[in-house]
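Have a look at input_13.tsv; it's TSV, C-alpha atoms and all ligand atoms:
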```
chain	number	residue	atom	x	y	z
V	1	MET	CA	0.00	0.00	0.00
V	2	GLY	CA	3.05	2.25	0.04
V	3	LEU	CA	2.26	3.58	-3.41
V	4	CYS	CA	-0.87	5.36	-2.27
V	5	LEU	CA	-0.15	8.87	-1.09
V	6	GLY	CA	-1.70	10.37	1.97
V	7	LEU	CA	-2.65	7.22	3.86
V	8	LEU	CA	-3.61	7.81	7.44
V	9	SER	CA	-1.31	6.44	10.08
V	10	ALA	CA	-3.86	3.79	11.09
V	11	PRO	CA	-5.49	2.70	7.85
V	12	VAL	CA	-8.09	0.01	7.80
V	13	ALA	CA	-6.22	-3.26	7.46
V	14	VAL	CA	-7.28	-4.41	4.04
V	15	ALA	CA	-4.74	-5.46	1.45
V	16	GLN	CA	-4.55	-2.72	-1.14
V	17	ASN	CA	-3.33	-3.65	-4.57
V	18	LEU	CA	-4.27	-0.46	-6.34
V	19	GLY	CA	-1.93	1.89	-8.12
V	20	ALA	CA	-2.07	5.45	-6.85
V	21	PRO	CA	-3.38	8.11	-9.23
V	22	VAL	CA	-1.04	10.71	-10.60
V	23	ILE	CA	-0.93	13.79	-8.43
V	24	LEU	CA	0.01	16.61	-10.77
V	25	SER	CA	0.01	19.42	-8.25
V	26	PRO	CA	-0.36	19.10	-4.47
V	27	TYR	CA	-1.79	21.63	-2.01
V	28	ARG	CA	0.26	24.83	-1.66
V	29	SER	CA	2.28	23.78	-4.70
V	30	LEU	CA	3.95	26.44	-6.81
V	31	HIS	CA	3.69	24.48	-10.04
V	32	GLY	CA	0.60	23.79	-12.12
V	33	ALA	CA	-0.92	20.61	-13.52
V	34	ASP	CA	0.98	21.50	-16.70
V	35	ASN	CA	4.18	21.68	-14.63
V	36	ARG	CA	4.59	25.40	-15.31
V	37	PRO	CA	5.27	27.68	-12.34
V	38	ARG	CA	2.32	29.15	-10.43
V	39	ARG	CA	2.69	32.68	-9.16
V	40	LEU	CA	0.78	31.86	-5.97
V	41	PRO	CA	0.20	28.63	-3.99
V	42	HIS	CA	-2.40	26.09	-5.09
V	43	ALA	CA	-5.61	25.81	-3.02
V	44	GLY	CA	-6.30	22.14	-3.81
V	45	VAL	CA	-4.80	18.96	-5.22
V	46	ASP	CA	-4.78	18.13	-8.95
V	47	PHE	CA	-5.32	14.45	-9.83
V	48	GLY	CA	-4.58	13.45	-13.42
V	49	GLY	CA	-6.87	11.09	-15.33
V	50	PRO	CA	-8.08	10.30	-18.83
V	51	VAL	CA	-10.74	12.60	-20.33
V	52	GLY	CA	-14.18	11.10	-19.73
V	53	SER	CA	-13.10	8.80	-16.90
V	54	PRO	CA	-15.25	8.84	-13.74
V	55	VAL	CA	-14.90	11.49	-11.06
V	56	LEU	CA	-15.81	9.97	-7.70
V	57	ALA	CA	-17.27	11.52	-4.56
V	58	ALA	CA	-14.45	11.69	-2.02
V	59	ALA	CA	-16.84	11.07	0.90
V	60	ASP	CA	-20.56	10.65	1.57
V	61	GLY	CA	-22.34	13.96	1.03
V	62	THR	CA	-25.00	16.05	-0.65
V	63	VAL	CA	-24.64	17.98	-3.90
V	64	SER	CA	-24.56	21.57	-2.69
V	65	ARG	CA	-24.21	23.16	-6.11
V	66	ILE	CA	-23.15	22.63	-9.68
V	67	ILE	CA	-20.31	25.05	-10.39
V	68	GLU	CA	-20.09	26.84	-13.72
V	69	TRP	CA	-17.21	29.25	-13.68
V	70	PRO	CA	-15.54	29.47	-17.10
V	71	MET	CA	-12.42	31.31	-15.95
V	72	GLY	CA	-11.55	29.11	-12.98
V	73	CYS	CA	-13.19	25.90	-11.88
V	74	GLY	CA	-14.94	25.43	-15.20
V	75	LEU	CA	-17.68	22.85	-14.79
V	76	GLY	CA	-17.61	21.46	-11.27
V	77	VAL	CA	-19.48	19.96	-8.34
V	78	LEU	CA	-19.57	21.08	-4.72
V	79	LEU	CA	-20.46	18.44	-2.15
V	80	GLU	CA	-21.43	19.22	1.43
V	81	HIS	CA	-20.33	16.85	4.22
V	82	ARG	CA	-22.57	18.28	6.88
V	83	ARG	CA	-21.54	16.11	9.83
V	84	PHE	CA	-18.00	17.35	9.55
V	85	LYS	CA	-18.71	20.94	8.41
V	86	ARG	CA	-16.66	20.36	5.29
V	87	TRP	CA	-17.24	20.84	1.58
V	88	THR	CA	-15.35	19.29	-1.33
V	89	ALA	CA	-15.14	20.93	-4.75
V	90	TYR	CA	-14.30	19.05	-7.97
V	91	CYS	CA	-13.27	21.19	-10.95
V	92	HIS	CA	-12.46	21.08	-14.68
V	93	LEU	CA	-15.05	18.38	-15.40
V	94	LEU	CA	-16.21	17.32	-18.85
V	95	GLY	CA	-19.68	16.52	-17.55
V	96	VAL	CA	-21.68	16.24	-14.34
V	97	THR	CA	-23.79	13.17	-13.54
V	98	VAL	CA	-25.53	14.48	-10.39
V	99	ARG	CA	-27.97	17.28	-9.61
V	100	LYS	CA	-28.26	19.78	-6.79
V	101	GLY	CA	-29.68	18.31	-3.59
V	102	GLN	CA	-28.81	14.72	-4.49
V	103	SER	CA	-27.21	12.50	-1.85
V	104	VAL	CA	-24.08	10.68	-2.95
V	105	SER	CA	-22.00	7.96	-1.36
V	106	ARG	CA	-18.24	7.80	-1.19
V	107	GLY	CA	-16.90	6.43	-4.46
V	108	GLU	CA	-20.08	7.19	-6.42
V	109	GLN	CA	-19.57	8.81	-9.81
V	110	ILE	CA	-20.44	12.52	-9.85
V	111	GLY	CA	-18.97	13.49	-13.23
V	112	MET	CA	-16.28	12.93	-15.81
V	113	VAL	CA	-12.67	14.13	-15.97
V	114	GLY	CA	-12.19	17.01	-18.40
V	115	THR	CA	-10.29	20.19	-19.11
V	116	SER	CA	-12.96	22.88	-18.51
V	117	GLY	CA	-12.06	26.23	-16.95
V	118	GLY	CA	-8.47	26.99	-16.14
V	119	ALA	CA	-7.23	23.42	-16.57
V	120	SER	CA	-4.29	24.40	-18.82
V	121	TYR	CA	-5.45	21.76	-21.35
V	122	VAL	CA	-4.29	19.01	-18.96
V	123	PRO	CA	-7.13	16.59	-18.07
V	124	HIS	CA	-7.34	16.53	-14.28
V	125	VAL	CA	-9.63	16.95	-11.29
V	126	HIS	CA	-8.90	19.83	-8.97
V	127	LEU	CA	-10.07	18.63	-5.55
V	128	GLU	CA	-10.47	21.18	-2.84
V	129	VAL	CA	-11.51	20.87	0.81
V	130	CYS	CA	-13.27	23.90	2.28
V	131	THR	CA	-14.48	24.70	5.78
V	132	LEU	CA	-17.22	26.91	4.28
V	133	ALA	CA	-19.33	26.50	1.15
V	134	CYS	CA	-16.88	27.42	-1.61
V	135	SER	CA	-16.72	27.30	-5.36
V	136	SER	CA	-12.98	26.60	-5.50
V	137	HIS	CA	-10.32	29.17	-4.77
V	138	SER	CA	-7.88	30.94	-7.03
V	139	ASP	CA	-4.18	30.34	-6.52
V	140	GLY	CA	-2.98	32.25	-3.47
V	141	ASP	CA	-6.38	32.36	-1.74
V	142	LEU	CA	-6.14	29.54	0.76
V	143	THR	CA	-8.63	31.03	3.23
V	144	GLY	CA	-10.95	28.32	4.52
V	145	THR	CA	-9.15	25.56	2.63
V	146	GLU	CA	-7.37	22.48	3.96
V	147	ASP	CA	-4.88	20.05	2.46
V	148	PRO	CA	-6.99	17.16	1.08
V	149	LEU	CA	-4.09	14.73	1.38
V	150	GLU	CA	-3.93	15.32	5.15
V	151	VAL	CA	-7.28	13.55	5.49
V	152	ALA	CA	-7.01	11.16	2.54
V	153	ALA	CA	-7.23	7.39	3.01
V	154	GLY	CA	-6.01	6.59	-0.49
V	155	CYS	CA	-7.85	5.05	-3.41
V	156	PHE	CA	-11.55	4.29	-3.06
V	157	GLU	CA	-12.13	0.57	-2.56
V	158	ALA	CA	-15.65	-0.79	-2.66
V	159	GLY	CA	-16.42	-2.85	0.42
V	160	ARG	CA	-13.73	-1.30	2.55
V	161	ALA	CA	-14.84	0.16	5.89
V	162	TYR	CA	-13.92	3.82	6.33
V	163	PRO	CA	-13.86	5.71	9.63
V	164	ALA	CA	-17.18	7.40	10.42
V	165	ASP	CA	-16.03	9.48	13.38
V	166	ARG	CA	-13.81	11.86	11.44
V	167	PHE	CA	-13.65	13.40	7.99
V	168	VAL	CA	-11.79	11.01	5.71
V	169	LEU	CA	-11.46	11.43	1.95
V	170	THR	CA	-10.78	8.95	-0.77
V	171	PHE	CA	-9.25	9.96	-4.09
V	172	PRO	CA	-11.66	11.53	-6.63
V	173	VAL	CA	-10.39	9.41	-9.52
V	174	ALA	CA	-10.49	5.64	-9.80
V	175	CYS	CA	-7.27	3.78	-9.09
V	176	LEU	CA	-6.46	0.95	-11.43
V	177	PRO	CA	-5.11	-2.38	-10.21
V	178	ARG	CA	-1.36	-2.18	-9.92
V	179	ALA	CA	0.51	-3.89	-12.74
V	180	ARG	CA	2.43	-6.95	-11.59
V	181	GLY	CA	6.12	-6.42	-11.00
V	182	ARG	CA	5.86	-2.67	-10.61
V	201	ZN	ZN	-5.89	22.77	-9.13
```
This structure in structure tokens:
Amino acid sequence: MGLCLGLLSAPVAVAQNLGAPVILSPYRSLHGADNRPRRLPHAGVDFGGPVGSPVLAAADGTVSRIIEWPMGCGLGVLLEHRRFKRWTAYCHLLGVTVRKGQSVSRGEQIGMVGTSGGASYVPHVHLEVCTLACSSHSDGDLTGTEDPLEVAAGCFEAGRAYPADRFVLTFPVACLPRARGR
């Protein structure tokens, strides 16, 4: 399981044979998903993935809004995780497969990976954790944001038990089985 970034110190003891997704730009990073320098630190984490592949809810929640912000997030989804007073935003989507008010479960598809908004033509999901309802933050504006990888339990695995007493995320893109010998 060492390949999955951001595992909690006491992960649920289930053998994990999934390859970690590509993280193109972590929180506070000063480089973009396209590897060019950012002027100001990144407010979320960018996960790479093929265009059209599923974007997954990072935790159980409710669709708080569908984001349409051509200059920034592009097409996106904001989920509310009420119990924990947290919101997660998913940006640069190709399409959205949920509607406002809908309840979603961890790992459920909410959209498709795309390059909408300021995605620099690199297909990826910008995942952001907010302590208030947000619509994703511009570089440099980290107010009310948290590092998603600090609370990430790795790839989503169907059937795995996740902690219910604290806010735990799983990655917003599917992880493929690890190739043998890698
Ligand atoms: Zn980003």
Closest of V:Glu146, V:Asp165, V:Glu68, V:Asp139 to Leu40 of chain V - atom-to-atom distances counting only C-alpha atoms: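 The answer is V:Asp139, which sits nearest to Leu40 of chain V.
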Within-10 Å shell of (-16.2, 9.5, -22.0) in input frame, all atoms listed in the file, as a ChimeraX atom specification: /V:50-54,94-95,112-114
So that each row is one residue of chain V with an atom at most 7 Å from ligand ZN 201 (chain V), can you give its shortest atom pair and the distance in Å to one decimal, using all atoms listed in the file, rows by chain and rising number, as CSV?
```
residue,atom,partner,partner_atom,distance
V:Ser25,CA,V:ZN201,ZN,6.8
V:Ala33,CA,V:ZN201,ZN,7.0
V:His42,CA,V:ZN201,ZN,6.3
V:Ala43,CA,V:ZN201,ZN,6.8
V:Gly44,CA,V:ZN201,ZN,5.4
V:Val45,CA,V:ZN201,ZN,5.6
V:Asp46,CA,V:ZN201,ZN,4.8
V:His126,CA,V:ZN201,ZN,4.2
V:Leu127,CA,V:ZN201,ZN,6.9
```
Please write the residues from the selection above to a file, keeping C-alpha atoms, as a tab-separated table (two decimals), in the frame of the given file.
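Result file follows (again_31.tsv):
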```tsv
chain	number	residue	atom	x	y	z
V	25	SER	CA	0.01	19.42	-8.25
V	33	ALA	CA	-0.92	20.61	-13.52
V	42	HIS	CA	-2.40	26.09	-5.09
V	43	ALA	CA	-5.61	25.81	-3.02
V	44	GLY	CA	-6.30	22.14	-3.81
V	45	VAL	CA	-4.80	18.96	-5.22
V	46	ASP	CA	-4.78	18.13	-8.95
V	126	HIS	CA	-8.90	19.83	-8.97
V	127	LEU	CA	-10.07	18.63	-5.55
```
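Comparing the minimum interatomic distances between Pro172 of chain V and each of V:Leu132, V:Ala57, V:Leu93, V:Ile67, counting only C-alpha atoms, we find that V:Ala57 sits nearest.
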Would you kindly return, as a CSV table (one decimal) with C-alpha atoms, keeping the file's coordinate frame, each protein, DNA or RNA residue with an atom no farther than 6 Å from any atom of Thr145 of chain V, considering all atoms listed in the file and excluding same-chain residues fewer than 3 positions away?
```csv
chain,number,residue,atom,x,y,z
V,129,VAL,CA,-11.5,20.9,0.8
V,130,CYS,CA,-13.3,23.9,2.3
V,142,LEU,CA,-6.1,29.5,0.8
```
Nearest to Met71 of chain V, chosen from V:Gly159, V:Ser103, V:His31, V:Ser138, with only C-alpha atoms counted in the distances: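 Going through V:Gly159, V:Ser103, V:His31, V:Ser138 one by one, the smallest distance to Met71 of chain V is for V:Ser138.
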Nearest candidate to Ala161 of chain V (options V:Gly49, V:Arg106, V:Arg99, V:His124; using all atoms listed in the file):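 Closest to Ala161 of chain V of all the choices is V:Arg106.
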Shell of 9 Å around Asp60 of chain V, all atoms listed in the file, local chain residues under 6 positions omitted, as a PyMOL selection string: chain V and resi 79-81+103-108
Two-atom distance - atom CA of Arg36 of chain V, atom CA of Leu18 of chain V (Å):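 It comes out at 28.8 Å.
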Atom CA of Ala158 of chain V to atom CA of Lys85 of chain V, distance in Å rounded to a single decimal: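 Result for atom CA of Ala158 of chain V versus atom CA of Lys85 of chain V: 24.6 Å, one decimal.
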Option closest in space to Leu169 of chain V, from V:Ala58, V:Cys155, V:Val125, V:Leu78 [counting only C-alpha atoms]: V:Ala58
Non-local contacts of Trp69 of chain V (8 Å; only C-alpha atoms; under 5 positions in same chain excluded) as a list in words: Gly74, Leu75 and Gly117 of chain V
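The space separating atom CA of Thr115 of chain V from atom CA of Ile23 of chain V comes to 15.6 Å.
Each of V:Val122, V:Ile110, V:Leu176, V:Val168 was compared to Ala59 of chain V using all atoms listed in the file, and V:Val168 turns out to be the nearest.
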